[in-house]
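See below for start.cif, which holds mmCIF, C-alpha atoms.
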data_entry
#
loop_
_atom_site.label_atom_id
_atom_site.label_comp_id
_atom_site.auth_asym_id
_atom_site.auth_seq_id
_atom_site.Cartn_x
_atom_site.Cartn_y
_atom_site.Cartn_z
CA MET A 1 8.75 -58.41 -24.70
CA SER A 2 12.18 -56.73 -24.62
CA PHE A 3 12.85 -53.42 -22.91
CA SER A 4 13.28 -51.61 -26.24
CA LYS A 5 9.94 -52.91 -27.55
CA ASP A 6 8.22 -51.98 -24.30
CA PHE A 7 9.82 -48.53 -24.46
CA GLY A 8 8.62 -48.11 -28.05
CA LEU A 9 5.12 -49.22 -27.05
CA GLY A 10 5.03 -46.62 -24.28
CA ILE A 11 5.80 -43.87 -26.78
CA LYS A 12 3.86 -44.96 -29.88
CA THR A 13 0.57 -45.27 -27.98
CA TYR A 14 0.52 -41.46 -27.74
CA GLY A 15 -0.56 -41.32 -31.39
CA LYS A 16 -3.42 -43.72 -30.68
CA ALA A 17 -4.28 -41.73 -27.56
CA LEU A 18 -4.79 -38.51 -29.53
CA ASP A 19 -7.01 -40.36 -31.99
CA ILE A 20 -9.16 -41.80 -29.18
CA ILE A 21 -9.46 -38.45 -27.41
CA PHE A 22 -10.59 -36.48 -30.45
CA SER A 23 -12.71 -39.18 -32.10
CA ASN A 24 -14.63 -40.19 -28.97
CA GLY A 25 -15.64 -36.86 -27.48
CA LEU A 26 -13.05 -36.80 -24.71
CA ALA A 27 -11.42 -33.50 -25.71
CA TRP A 28 -13.68 -31.53 -23.36
CA PHE A 29 -11.63 -32.93 -20.45
CA PHE A 30 -8.94 -30.42 -21.42
CA ILE A 31 -11.10 -27.83 -19.65
CA PHE A 32 -9.94 -29.19 -16.29
CA PRO A 33 -6.21 -28.38 -16.73
CA ILE A 34 -7.20 -24.81 -17.61
CA VAL A 35 -9.09 -24.47 -14.33
CA ILE A 36 -6.30 -26.13 -12.35
CA ASN A 37 -3.65 -23.89 -13.93
CA ILE A 38 -5.63 -20.79 -12.97
CA ILE A 39 -5.92 -22.06 -9.37
CA LEU A 40 -2.22 -22.97 -9.20
CA PHE A 41 -1.12 -19.65 -10.67
CA TRP A 42 -3.31 -17.58 -8.36
CA SER A 43 -2.40 -19.66 -5.28
CA GLY A 44 1.30 -19.55 -6.12
CA ILE A 45 1.32 -15.78 -6.53
CA GLU A 46 -0.61 -15.28 -3.28
CA VAL A 47 1.67 -17.57 -1.28
CA LEU A 48 4.81 -16.07 -2.83
CA ASP A 49 3.65 -12.51 -2.06
CA TRP A 50 2.81 -13.46 1.52
CA ILE A 51 6.21 -15.08 2.11
CA THR A 52 8.20 -12.21 0.58
CA THR A 53 6.20 -9.57 2.48
CA TYR A 54 6.61 -11.45 5.78
CA LEU A 55 10.34 -11.94 5.24
CA LYS A 56 10.89 -8.30 4.26
CA ASN A 57 9.07 -7.03 7.35
CA LEU A 58 11.01 -9.46 9.53
CA ILE A 59 14.36 -8.25 8.15
CA PHE A 60 13.38 -4.57 8.30
CA ASP A 61 12.10 -4.84 11.89
CA SER A 62 15.09 -6.81 13.16
CA SER A 63 17.58 -4.47 11.44
CA GLY A 64 15.78 -1.26 12.44
CA LEU A 65 15.29 -0.18 8.84
CA ASN A 66 11.57 0.39 9.38
CA ASN A 67 12.37 3.11 11.94
CA ALA A 68 15.40 4.57 10.17
CA ALA A 69 14.88 8.08 8.79
CA PHE A 70 18.09 8.66 6.79
CA PHE A 71 17.94 8.68 2.97
CA GLY A 72 20.17 5.63 2.60
CA SER A 73 17.67 3.50 4.51
CA SER A 74 15.13 3.92 1.72
CA VAL A 75 17.67 2.82 -0.87
CA LEU A 76 18.72 -0.11 1.32
CA LYS A 77 15.09 -1.16 1.82
CA PHE A 78 14.49 -0.94 -1.92
CA LEU A 79 17.54 -3.10 -2.71
CA THR A 80 16.69 -5.61 0.02
CA SER A 81 13.12 -5.91 -1.23
CA GLY A 82 14.36 -6.47 -4.78
CA ILE A 83 16.85 -9.15 -3.73
CA ILE A 84 14.25 -11.01 -1.64
CA TRP A 85 11.69 -10.81 -4.43
CA LEU A 86 14.16 -12.10 -7.04
CA LEU A 87 15.53 -14.83 -4.75
CA PHE A 88 12.10 -16.23 -3.96
CA LYS A 89 11.04 -16.05 -7.59
CA ILE A 90 14.04 -18.18 -8.53
CA ILE A 91 13.43 -20.64 -5.68
CA PHE A 92 9.74 -20.83 -6.53
CA PHE A 93 10.51 -21.45 -10.21
CA PHE A 94 12.92 -24.34 -9.57
CA LEU A 95 10.78 -25.85 -6.80
CA PHE A 96 7.63 -25.63 -8.88
CA THR A 97 9.43 -27.03 -11.91
CA TYR A 98 10.35 -30.13 -9.90
CA ILE A 99 7.23 -30.79 -7.79
CA GLY A 100 4.85 -29.25 -10.32
CA GLY A 101 4.47 -32.52 -12.23
CA TYR A 102 3.46 -34.42 -9.10
CA LEU A 103 1.24 -31.57 -7.94
CA VAL A 104 -0.62 -31.73 -11.24
CA LEU A 105 -0.97 -35.52 -10.93
CA ILE A 106 -2.44 -35.11 -7.43
CA LEU A 107 -4.92 -32.43 -8.46
CA MET A 108 -5.83 -34.23 -11.69
CA SER A 109 -6.14 -37.69 -10.10
CA PRO A 110 -9.99 -37.91 -10.09
CA ILE A 111 -10.12 -36.69 -13.71
CA LEU A 112 -7.37 -39.07 -14.84
CA ALA A 113 -9.15 -42.00 -13.15
CA ILE A 114 -12.35 -41.24 -15.07
CA ILE A 115 -10.52 -40.78 -18.39
CA SER A 116 -8.62 -44.06 -17.95
CA GLU A 117 -11.90 -45.84 -17.27
CA LYS A 118 -13.58 -44.31 -20.32
CA THR A 119 -10.61 -45.24 -22.48
CA ASP A 120 -10.74 -48.84 -21.27
CA LYS A 121 -14.45 -48.96 -22.12
CA ILE A 122 -13.70 -47.71 -25.65
CA LEU A 123 -10.94 -50.29 -26.12
CA THR A 124 -12.63 -53.34 -24.59
CA GLY A 125 -16.33 -52.57 -24.62
CA LYS A 126 -16.49 -53.26 -20.88
CA ASN A 127 -19.04 -51.15 -19.09
CA TYR A 128 -17.95 -49.40 -15.92
CA PRO A 129 -20.98 -47.84 -14.23
CA PHE A 130 -20.12 -44.63 -12.39
CA SER A 131 -19.37 -45.20 -8.73
CA ALA A 132 -18.56 -42.29 -6.45
CA GLU A 133 -16.94 -44.74 -4.02
CA GLN A 134 -14.70 -46.22 -6.74
CA THR A 135 -13.79 -42.77 -8.04
CA MET A 136 -12.83 -41.74 -4.51
CA ARG A 137 -10.67 -44.86 -4.09
CA ASP A 138 -8.99 -44.16 -7.44
CA MET A 139 -8.35 -40.56 -6.41
CA VAL A 140 -6.90 -41.48 -3.00
CA ARG A 141 -4.72 -44.18 -4.54
CA GLY A 142 -3.49 -41.77 -7.21
CA ILE A 143 -2.56 -39.22 -4.54
CA ILE A 144 -0.82 -41.83 -2.37
CA LEU A 145 1.20 -43.12 -5.31
CA ALA A 146 2.16 -39.62 -6.46
CA ILE A 147 3.43 -38.79 -2.96
CA ARG A 148 5.16 -42.19 -2.71
CA ASN A 149 6.90 -41.79 -6.06
CA MET A 150 7.89 -38.19 -5.35
CA SER A 151 9.37 -39.20 -1.98
CA ILE A 152 11.39 -42.04 -3.52
CA GLU A 153 12.61 -39.75 -6.27
CA ILE A 154 13.68 -37.09 -3.77
CA GLY A 155 15.62 -39.78 -1.91
CA ILE A 156 17.37 -40.83 -5.12
CA ILE A 157 18.20 -37.21 -5.95
CA LEU A 158 19.73 -36.71 -2.49
CA PHE A 159 21.74 -39.91 -2.94
CA PHE A 160 23.17 -38.68 -6.25
CA PHE A 161 23.90 -35.28 -4.69
CA ILE A 162 25.93 -36.96 -1.94
CA LEU A 163 27.81 -38.97 -4.57
CA THR A 164 28.78 -35.76 -6.39
CA LEU A 165 30.64 -34.69 -3.24
CA LEU A 166 33.02 -37.66 -3.50
CA PRO A 167 36.54 -36.88 -4.71
CA ILE A 168 37.56 -37.77 -8.27
CA ILE A 169 34.37 -39.56 -9.37
CA GLY A 170 32.08 -36.82 -8.08
CA TRP A 171 32.49 -34.69 -11.21
CA LEU A 172 31.63 -37.65 -13.46
CA ILE A 173 28.51 -38.42 -11.44
CA ALA A 174 27.53 -34.74 -11.63
CA ILE A 175 27.69 -34.95 -15.43
CA ILE A 176 25.70 -38.15 -15.92
CA SER A 177 23.23 -37.82 -13.02
CA PRO A 178 20.83 -35.38 -14.80
CA ILE A 179 20.32 -37.95 -17.58
CA ILE A 180 19.81 -40.80 -15.12
CA LEU A 181 17.43 -38.73 -12.99
CA PHE A 182 15.43 -37.75 -16.08
CA PHE A 183 14.69 -41.39 -16.87
CA ILE A 184 14.00 -42.17 -13.22
CA SER A 185 11.43 -39.36 -13.18
CA SER A 186 9.97 -40.71 -16.41
CA TYR A 187 9.57 -44.15 -14.84
CA PHE A 188 7.70 -42.79 -11.83
CA TYR A 189 5.45 -40.56 -13.94
CA GLY A 190 4.68 -43.46 -16.25
CA PHE A 191 4.06 -45.64 -13.20
CA SER A 192 1.39 -43.19 -11.99
CA PHE A 193 -0.41 -43.22 -15.35
CA LEU A 194 -0.28 -47.01 -15.73
CA ASP A 195 -1.52 -47.63 -12.22
CA TYR A 196 -5.01 -46.29 -12.97
CA SER A 197 -5.59 -49.45 -14.98
CA ASN A 198 -4.17 -51.63 -12.22
CA GLU A 199 -6.54 -50.07 -9.71
CA ARG A 200 -9.48 -50.76 -12.01
CA TYR A 201 -8.33 -54.39 -12.37
CA LYS A 202 -8.32 -54.67 -8.54
CA ARG A 203 -4.57 -55.05 -8.21
CA ASN A 204 -3.18 -53.78 -4.93
CA ILE A 205 -0.21 -51.41 -4.84
CA LYS A 206 2.31 -54.22 -4.26
CA GLN A 207 0.99 -56.15 -7.28
CA SER A 208 1.02 -52.95 -9.33
CA VAL A 209 4.64 -52.23 -8.38
CA THR A 210 5.68 -55.76 -9.37
CA LEU A 211 3.82 -55.71 -12.70
CA ILE A 212 4.95 -52.26 -13.78
CA TYR A 213 8.56 -52.94 -12.79
CA SER A 214 8.47 -56.06 -14.97
CA ARG A 215 7.36 -53.82 -17.87
CA LYS A 216 9.43 -50.80 -16.88
CA GLY A 217 10.18 -50.03 -20.53
CA VAL A 218 6.48 -49.19 -21.02
CA ALA A 219 6.46 -46.99 -17.91
CA ILE A 220 9.60 -45.11 -18.95
CA GLY A 221 8.40 -44.69 -22.54
CA ASN A 222 5.05 -43.35 -21.37
CA GLY A 223 6.65 -41.06 -18.79
CA VAL A 224 9.35 -39.72 -21.11
CA VAL A 225 6.85 -37.74 -23.16
CA PHE A 226 5.34 -36.19 -20.02
CA SER A 227 8.83 -35.43 -18.65
CA ILE A 228 9.94 -33.73 -21.87
CA PHE A 229 7.02 -31.32 -21.73
CA LEU A 230 7.81 -30.57 -18.08
CA LEU A 231 11.24 -29.34 -19.21
CA VAL A 232 9.76 -26.61 -21.43
CA PRO A 233 11.00 -23.34 -19.82
CA PHE A 234 8.29 -21.41 -17.92
CA LEU A 235 5.48 -23.47 -19.50
CA GLY A 236 6.30 -26.99 -18.32
CA THR A 237 3.92 -27.16 -15.38
CA THR A 238 1.23 -25.30 -17.33
CA LEU A 239 1.41 -27.91 -20.10
CA ALA A 240 1.60 -30.83 -17.65
CA GLY A 241 -2.15 -30.91 -17.00
CA PHE A 242 -2.95 -31.18 -20.70
CA ILE A 243 -0.26 -33.78 -21.36
CA SER A 244 -1.34 -35.85 -18.35
CA ILE A 245 -4.69 -36.47 -20.06
CA ILE A 246 -2.98 -37.77 -23.19
CA SER A 247 -0.48 -39.72 -21.07
CA VAL A 248 -3.13 -41.59 -19.07
CA VAL A 249 -5.01 -42.50 -22.27
CA ALA A 250 -1.73 -43.74 -23.80
CA ALA A 251 -0.96 -45.67 -20.60
CA THR A 252 -4.39 -47.33 -20.66
CA ILE A 253 -3.83 -48.40 -24.28
CA SER A 254 -0.42 -49.80 -23.31
CA MET A 255 -1.85 -51.76 -20.40
CA ASN A 256 -4.47 -53.32 -22.67
CA GLU A 257 -1.75 -54.37 -25.11
CA VAL A 258 0.55 -55.95 -22.50
CA GLU A 259 -2.21 -57.81 -20.64
#
Representation of the structure as structure tokens:
Amino acid sequence: MSFSKDFGLGIKTYGKALDIIFSNGLAWFFIFPIVINIILFWSGIEVLDWITTYLKNLIFDSSGLNNAAFFGSSVLKFLTSGIIWLLFKIIFFFLFTYIGGYLVLILMSPILAIISEKTDKILTGKNYPFSAEQTMRDMVRGIILAIRNMSIEIGIILFFFILTLLPIIGWLIAIISPIILFFISSYFYGFSFLDYSNERYKRNIKQSVTLIYSRKGVAIGNGVVFSIFLLVPFLGTTLAGFISIISVVAATISMNEVE
């Protein structure tokens, strides 16, 4: 099958995925992203508050502002606190926007493994008795692959960043690199969703890499939808958990059609 047909397959299976989810009693799995989002939000706020408080105290102690009694010190402390708070909010937003997708995949990995298995049973009629050991293997593999893909993607991003520093062609690379990196991210996200089927079919990671690369159009098409939702301002990571459920069902449908 050509790349364009594979790409189209990766996208069109989302419609079938929604039908399977809502016609086979799988919609209750959307409860899990709600719980995960609450945990992520609370944890993020706590960590951010701790970092900003620690950094403020460090700056105030080293500069002597904590012991200063003149009126201007209060104003200076207020401005410093505001700058630190705003700076870390911005850093946290961009960092979370990037790694948030992979963080969701890691936290959702046991749920996604179960949903992929249930989807395969609906499509093929094959019975997969629950196995805590298999679920654990699926979860560990999902985490390993998410970390692997994120690491490779970070390496590619750094490579493109270095290229933008080159004279003359650097500006051109800076213009086109966001588009290229978007599709690279889509491939790796789609890879993660497709791999749940490969794990169930007893393919090792090397075999999975080879197979998915040969059908990279499917992986990119599947991952594009997930990536688009990640780009939604302020809500991308919140939506990612919900979309990941639909994405893994769509990926399982795709894998059944390309087998």
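Selection check: the PyMOL selection byres ((chain A and resi 4) around 12) on the shown file gives Met1, Ser2, Phe3, Lys5, Asp6, Phe7, Gly8, Leu9, Gly10, Ile11, Arg215, Lys216, Gly217, Val218, Ala219, Ile220 and Gly221 of chain A.
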**Message:** Residues within 9 Å of region 167-179 of chain A, please, as a ChimeraX atom specification. Count only C-alpha atoms; anything in the same chain fewer than 6 positions from it doesn't count.
**Reply:** /A:157,160-161
Q: Have a look at A:Leu181, A:Ile34, A:Met139, A:Ile39 and name the one nearest to Leu158 (chain A); count all atoms listed in the file.
A: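 Under the stated criterion, the closest residue is A:Leu181.
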Residues of region 169-219 of chain A within 9 Å of region 105-125 of chain A: nearest atom pair and distance (Å, one decimal) for each, counting only C-alpha atoms, sorted by chain and number, as CSV?
residue,atom,partner,partner_atom,distance
A:Tyr189,CA,A:Leu105,CA,8.7
A:Ser192,CA,A:Leu105,CA,8.1
A:Phe193,CA,A:Leu112,CA,8.1
A:Tyr196,CA,A:Ala113,CA,6.0
A:Ser197,CA,A:Ser116,CA,6.9
A:Arg200,CA,A:Glu117,CA,7.6
Closest of A:Gln134, A:Ile21, A:Val140, A:Tyr187 to Ile152 (chain A), counting all atoms listed in the file, is A:Tyr187
- [ ] Go through A:Tyr213, A:Ile243, A:Trp85, A:Val104 one by one, measure the shortest atom-to-atom distance of each to Val35 (chain A) using all atoms listed in the file, and give the residue with the smallest value.
- [x]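 That would be A:Val104, the residue with the smallest distance to Val35 (chain A).
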Taken to one decimal, the CA of Val47 (chain A)-CA of Ser244 (chain A) distance is 25.2 Å
What separates CA of Phe182 (chain A) and CA of Leu163 (chain A) is a distance of 16.9 Å
- Just the residues within 7 Å of Ala240 (chain A), please, counting all atoms listed in the file, with nothing from its chain fewer than 5 positions along; format it as a ChimeraX atom specification. /A:101,104,226,229-230
State, in Å with one decimal place, the distance from CA of Ile31 (chain A) to CA of Ser131 (chain A).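 Interatomic distance here is 22.1 Å.
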Render region 163-190 of chain A from the structure in the preceding block as a file of N, CA and C atoms, as an mmCIF file, in the first residue's frame.
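Saved to part02.cif:
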data_model
loop_
_atom_site.group_PDB
_atom_site.id
_atom_site.type_symbol
_atom_site.label_atom_id
_atom_site.label_comp_id
_atom_site.auth_asym_id
_atom_site.auth_seq_id
_atom_site.Cartn_x
_atom_site.Cartn_y
_atom_site.Cartn_z
ATOM 1 N N LEU A 163 21.202 23.200 13.294
ATOM 2 C CA LEU A 163 21.176 23.594 11.877
ATOM 3 C C LEU A 163 20.705 25.035 11.694
ATOM 4 N N THR A 164 19.798 25.494 12.567
ATOM 5 C CA THR A 164 19.307 26.872 12.440
ATOM 6 C C THR A 164 20.395 27.895 12.732
ATOM 7 N N LEU A 165 21.476 27.462 13.361
ATOM 8 C CA LEU A 165 22.574 28.375 13.679
ATOM 9 C C LEU A 165 23.525 28.569 12.505
ATOM 10 N N LEU A 166 23.363 27.743 11.466
ATOM 11 C CA LEU A 166 24.234 27.845 10.292
ATOM 12 C C LEU A 166 23.929 29.125 9.522
ATOM 13 N N PRO A 167 24.948 29.741 8.950
ATOM 14 C CA PRO A 167 24.710 30.959 8.153
ATOM 15 C C PRO A 167 23.929 30.639 6.873
ATOM 16 N N ILE A 168 23.187 31.587 6.418
ATOM 17 C CA ILE A 168 22.425 31.569 5.165
ATOM 18 C C ILE A 168 21.241 30.591 5.215
ATOM 19 N N ILE A 169 21.529 29.283 5.331
ATOM 20 C CA ILE A 169 20.425 28.314 5.277
ATOM 21 C C ILE A 169 19.715 28.157 6.627
ATOM 22 N N GLY A 170 20.305 28.721 7.679
ATOM 23 C CA GLY A 170 19.726 28.570 9.009
ATOM 24 C C GLY A 170 18.318 29.113 9.090
ATOM 25 N N TRP A 171 18.083 30.277 8.461
ATOM 26 C CA TRP A 171 16.753 30.896 8.519
ATOM 27 C C TRP A 171 15.716 30.050 7.805
ATOM 28 N N LEU A 172 16.112 29.394 6.702
ATOM 29 C CA LEU A 172 15.191 28.542 5.958
ATOM 30 C C LEU A 172 14.811 27.305 6.795
ATOM 31 N N ILE A 173 15.835 26.734 7.438
ATOM 32 C CA ILE A 173 15.594 25.574 8.293
ATOM 33 C C ILE A 173 14.675 25.955 9.454
ATOM 34 N N ALA A 174 14.870 27.161 9.995
ATOM 35 C CA ALA A 174 14.040 27.625 11.107
ATOM 36 C C ALA A 174 12.571 27.737 10.694
ATOM 37 N N ILE A 175 12.344 28.040 9.417
ATOM 38 C CA ILE A 175 10.973 28.191 8.922
ATOM 39 C C ILE A 175 10.298 26.844 8.715
ATOM 40 N N ILE A 176 11.026 25.906 8.121
ATOM 41 C CA ILE A 176 10.411 24.623 7.766
ATOM 42 C C ILE A 176 10.476 23.579 8.889
ATOM 43 N N SER A 177 11.401 23.770 9.850
ATOM 44 C CA SER A 177 11.590 22.743 10.879
ATOM 45 C C SER A 177 10.341 22.483 11.738
ATOM 46 N N PRO A 178 9.527 23.514 12.090
ATOM 47 C CA PRO A 178 8.331 23.205 12.889
ATOM 48 C C PRO A 178 7.387 22.232 12.184
ATOM 49 N N ILE A 179 7.267 22.349 10.869
ATOM 50 C CA ILE A 179 6.394 21.444 10.113
ATOM 51 C C ILE A 179 6.965 20.034 10.116
ATOM 52 N N ILE A 180 8.274 19.944 9.864
ATOM 53 C CA ILE A 180 8.935 18.635 9.852
ATOM 54 C C ILE A 180 8.832 17.977 11.229
ATOM 55 N N LEU A 181 9.094 18.751 12.272
ATOM 56 C CA LEU A 181 9.068 18.207 13.628
ATOM 57 C C LEU A 181 7.662 17.788 14.046
ATOM 58 N N PHE A 182 6.647 18.469 13.509
ATOM 59 C CA PHE A 182 5.267 18.089 13.811
ATOM 60 C C PHE A 182 4.987 16.676 13.297
ATOM 61 N N PHE A 183 5.410 16.397 12.083
ATOM 62 C CA PHE A 183 5.158 15.074 11.503
ATOM 63 C C PHE A 183 6.056 13.996 12.129
ATOM 64 N N ILE A 184 7.241 14.395 12.568
ATOM 65 C CA ILE A 184 8.098 13.451 13.281
ATOM 66 C C ILE A 184 7.440 13.062 14.612
ATOM 67 N N SER A 185 6.919 14.066 15.319
ATOM 68 C CA SER A 185 6.198 13.784 16.567
ATOM 69 C C SER A 185 5.002 12.878 16.299
ATOM 70 N N SER A 186 4.287 13.153 15.225
ATOM 71 C CA SER A 186 3.116 12.352 14.870
ATOM 72 C C SER A 186 3.507 10.905 14.641
ATOM 73 N N TYR A 187 4.650 10.702 13.969
ATOM 74 C CA TYR A 187 5.114 9.326 13.717
ATOM 75 C C TYR A 187 5.381 8.590 15.029
ATOM 76 N N PHE A 188 6.066 9.243 15.948
ATOM 77 C CA PHE A 188 6.414 8.577 17.201
ATOM 78 C C PHE A 188 5.186 8.335 18.085
ATOM 79 N N TYR A 189 4.243 9.278 18.065
ATOM 80 C CA TYR A 189 3.004 9.045 18.820
ATOM 81 C C TYR A 189 2.226 7.877 18.224
ATOM 82 N N GLY A 190 2.106 7.888 16.890
ATOM 83 C CA GLY A 190 1.415 6.792 16.227
ATOM 84 C C GLY A 190 2.117 5.471 16.468
#
